Amino acid sequence: MMASAETSTSAAASSTTTTTTAAAGKFSFGFQVVLLAGGSGSRMSPLSDTIPKAMLPIANRPLISYQLEFLLKAGFTEVIIVAHHNSTQAITSVVQDVYQGKITTSLVTYKDAHGTAEAMAKVRERIHGHAIIISADLIVDWAILREMVDKHITNSAAITMLLCHRTIPGAQEPGMPAIPDEMFTPKDYIGMDGNGRVVFLAAAADFGEKLHVRKALLRKAASPVMIRSDLYDLHLYILSPNVLDYLVENKGNFSSLKSEFLPHIVKGQFSPTQSAALSATSVPEDNGEEEESGFSQEKIDAAIAEMTHSCPLPPAMCYAVIMPPTSYCTRINTIPAFVEANKQIARGVHTYIPWEERQKNNFISTTADVSLRTQVAADCIVGDGTGIGDRCGIRKTVIGKNCNIADNIRLANTVIMDSVIIKPGCSLTDCVICNNVEIGEGSELRNCYIGVSVRVEPGSKLTNETLTVDD
């Protein structure tokens, strides 16, 4: 028996009983991991219409497998997974099929909509130390976690967060076009001092063309601080026990960790009452005076608004670690990010690689049937049980399991999920094709997103289209 379950009116929990195995570099003492896998993927329709975001395929692997591998590489053998009850079967299947005997999971599910702060409050009693919180849409090199833990411990931090530059670290190839900015949504203004302490955190959407900073903040200035808009929150956090307790005590006031709770704690560093005990229900305001930065939006976007700021060092200190430019990381929270992650993992040069067998410069399953008269170029993946006919040209494309690709097909920069049928003479460029789609003979698709179970009529000529079964 793999799992046992306990249910209540609002949540269900299950935990594995497998034997765990330790990994190299273990430093998990005093830390517990919570994997937040309940995101609906609202910005990723139609991809996420029938597939939980945590189970979307990245290089033919479920997205959640990257966080589980991340934790194993870092030395963790236990994880609490929080997810919507509709995801229970899919997540349990991945744990059973791939990670049985390697990691022990406690699956906590809920039926009603929950924000990330609400989810953390729900599992607080299961955490007996500092909490490492990781979003199930994150792919990141595991080694950075050691630096985060070291900074968290050294500085007795309340919160330590992981940031990256608003490009894809380790992903840019010479001569390739810039990574689109819409992959890094939303944009934030983050103020940090030279030691990595976060002193200002706000969503750019809350401002107009000018950034406003409280004079009370500036009056305490003593060390250089840069207000930056070129950094992106990766949704990997370490929270101290006191912060977790504070979250529970004030759980009715917060829904989101990112947009509500973290800015509240960052701001609370400058309130002696809250920073000492983390027990106040709100942060005292200053006199409301503001100082305009004097920079236009254009200059702010160039990340150059510089000021000075410092304050006494209370217990509620917040820190950040920035990913080095040579390390790969991304969040899969938009369709462009989904497509780019598939391309990057298919290259086989990052920490994580596809599960299919590596060929010279691509990954093709041994159970796939690819015609010898077809060319599968570099950086491609062909999944289990897929058949590809004669005279096909396939470039920078990921093809899932049990697909039927007929003769004379051209595929470029495309992601194809499972059980897809493509009839002869079709051409697909810059597309995402969901499960169980059939594309009729002679169709040409460019920059299209095709939802699950859609039938594309023969001879269709589609550009910049999104199709679902309801269309």
# chains A, B, ... in the order shown; residues from 1 in each chain; ligands from 1
call {"tool": "residues_around", "arguments": {"residues": "Ile190 (chain A)", "least_positions_apart": "4", "cutoff": "6 Å", "atoms": "only C-alpha atoms", "output": "list in words"}}
result
Phe200, Leu201, Ile227 and Arg228 of chain A
call {"tool": "residues_around", "arguments": {"residues": "region 38-44 of chain A", "least_positions_apart": "6", "cutoff": "12 Å", "atoms": "only C-alpha atoms", "output": "ChimeraX atom specification"}}
result
/A:50-56,64,81-88,91,107-120,134-138,182-183,185-186,256,331-339,432,434,449-451,466
call {"tool": "atom_distance", "arguments": {"atom1": "CA of Asn447 (chain A)", "atom2": "CA of Lys187 (chain A)"}}
result
25.1 Å
call {"tool": "residues_around", "arguments": {"residues": "Glu438 (chain A)", "least_positions_apart": "4", "cutoff": "9 Å", "atoms": "only C-alpha atoms", "output": "number ranges by chain"}}
result
A: 419-423, 453-457
call {"tool": "residues_around", "arguments": {"residues": "Gln359 (chain A)", "least_positions_apart": "6", "cutoff": "12 Å", "atoms": "only C-alpha atoms", "output": "count of residues only"}}
result
12
call {"tool": "atom_distance", "arguments": {"atom1": "CA of Phe70 (chain A)", "atom2": "CA of Arg197 (chain A)"}}
result
25.4 Å
call {"tool": "select_by_dssp", "arguments": {"residues": "region 363-436 of chain A", "states": "strand (DSSP E)", "output": "list in words"}}
result
Phe363, Ile364, Asp369, Val370, Gln375, Val376, Ile381, Val382, Gly387, Ile388, Gly393, Ile394, Arg395, Val398, Ile399, Asn404, Ile405, Arg410, Leu411, Ala412, Val415, Ile416, Ile421, Ile422, Ser427, Leu428, Thr429, Val432 and Ile433 of chain A
call {"tool": "closest_residue", "arguments": {"among": "A:Trp142, A:Tyr237, A:Leu244, A:Tyr99", "to": "Glu125 (chain A)", "atoms": "only C-alpha atoms"}}
result
A:Leu244
call {"tool": "residues_around", "arguments": {"residues": "Met317 (chain A)", "least_positions_apart": "3", "cutoff": "9 Å", "atoms": "only C-alpha atoms", "output": "list of chain:residue names"}}
result
A:Asn155, A:Ser156, A:Ala157, A:Ala158, A:Ile159, A:Thr160, A:Arg197, A:Val198, A:Val199, A:Ile265, A:Val266, A:Gln269, A:Ser275, A:Leu313, A:Pro314
call {"tool": "write_last_selection", "arguments": {"atoms": "N, CA, C and O atoms", "output": "compact mmCIF listing (two decimals), in the first residue's frame"}}
result
# COMPACT_ATOMS: atom_id res chain seq x y z
N ASN A 155 22.20 35.43 8.76
CA ASN A 155 21.58 36.71 9.06
C ASN A 155 20.36 36.61 9.98
O ASN A 155 19.69 37.61 10.23
N SER A 156 20.10 35.39 10.48
CA SER A 156 18.91 35.17 11.31
C SER A 156 17.69 35.80 10.64
O SER A 156 16.91 36.54 11.26
N ALA A 157 17.52 35.50 9.37
CA ALA A 157 16.51 36.17 8.56
C ALA A 157 15.11 35.69 8.90
O ALA A 157 14.90 34.53 9.28
N ALA A 158 14.16 36.59 8.74
CA ALA A 158 12.75 36.21 8.82
C ALA A 158 12.30 35.56 7.52
O ALA A 158 11.59 34.56 7.52
N ILE A 159 12.74 36.15 6.41
CA ILE A 159 12.41 35.64 5.09
C ILE A 159 13.64 35.74 4.20
O ILE A 159 14.35 36.75 4.23
N THR A 160 13.90 34.71 3.44
CA THR A 160 14.93 34.75 2.40
C THR A 160 14.27 34.33 1.10
O THR A 160 13.59 33.30 1.05
N ARG A 197 20.02 42.57 1.63
CA ARG A 197 18.82 42.78 2.44
C ARG A 197 17.75 43.49 1.60
O ARG A 197 18.03 44.48 0.94
N VAL A 198 16.55 42.97 1.62
CA VAL A 198 15.43 43.55 0.88
C VAL A 198 14.76 44.59 1.77
O VAL A 198 14.27 44.27 2.86
N VAL A 199 14.75 45.84 1.31
CA VAL A 199 14.18 46.93 2.12
C VAL A 199 12.96 47.55 1.46
O VAL A 199 12.28 48.38 2.08
N ILE A 265 5.68 42.02 5.32
CA ILE A 265 6.80 41.74 6.23
C ILE A 265 7.99 42.63 5.90
O ILE A 265 8.68 43.14 6.81
N VAL A 266 8.26 42.86 4.62
CA VAL A 266 9.36 43.75 4.25
C VAL A 266 9.11 45.14 4.82
O VAL A 266 10.01 45.78 5.40
N GLN A 269 9.72 45.58 8.64
CA GLN A 269 11.07 45.67 9.20
C GLN A 269 11.30 47.01 9.89
O GLN A 269 12.14 47.11 10.78
N SER A 275 8.57 44.07 14.05
CA SER A 275 9.82 43.37 13.76
C SER A 275 10.34 42.63 14.96
O SER A 275 11.02 41.61 14.83
N LEU A 313 18.72 46.99 12.85
CA LEU A 313 18.60 45.61 12.40
C LEU A 313 17.75 44.80 13.38
O LEU A 313 18.28 44.16 14.29
N PRO A 314 16.43 44.83 13.22
CA PRO A 314 15.55 44.09 14.10
C PRO A 314 15.50 42.62 13.69
O PRO A 314 16.04 42.24 12.65
call {"tool": "residues_around", "arguments": {"residues": "Ile132 (chain A)", "least_positions_apart": "2", "cutoff": "8 Å", "atoms": "only C-alpha atoms", "output": "PDB file with C-alpha atoms, in the first residue's frame"}}
result
ATOM      1  CA  PHE A  31      14.239  22.795   7.490  1.00  0.00           C
ATOM      2  CA  GLN A  32      11.082  21.335   5.998  1.00  0.00           C
ATOM      3  CA  VAL A  33       9.931  21.701   2.422  1.00  0.00           C
ATOM      4  CA  VAL A  34       6.456  22.714   1.281  1.00  0.00           C
ATOM      5  CA  HIS A 130      12.099  26.762   9.066  1.00  0.00           C
ATOM      6  CA  ILE A 134       8.827  26.183  -3.522  1.00  0.00           C
ATOM      7  CA  LEU A 236      11.282  30.093  -3.727  1.00  0.00           C
ATOM      8  CA  TYR A 237      11.282  31.290  -0.115  1.00  0.00           C
ATOM      9  CA  ILE A 238      12.592  30.365   3.309  1.00  0.00           C
ATOM     10  CA  LEU A 239      10.378  31.463   6.212  1.00  0.00           C
TER      11      LEU A 239
END
call {"tool": "closest_residue", "arguments": {"among": "A:Cys448, A:Met417, A:Met323, A:Ile103", "to": "Asn436 (chain A)", "atoms": "only C-alpha atoms"}}
result
A:Met417
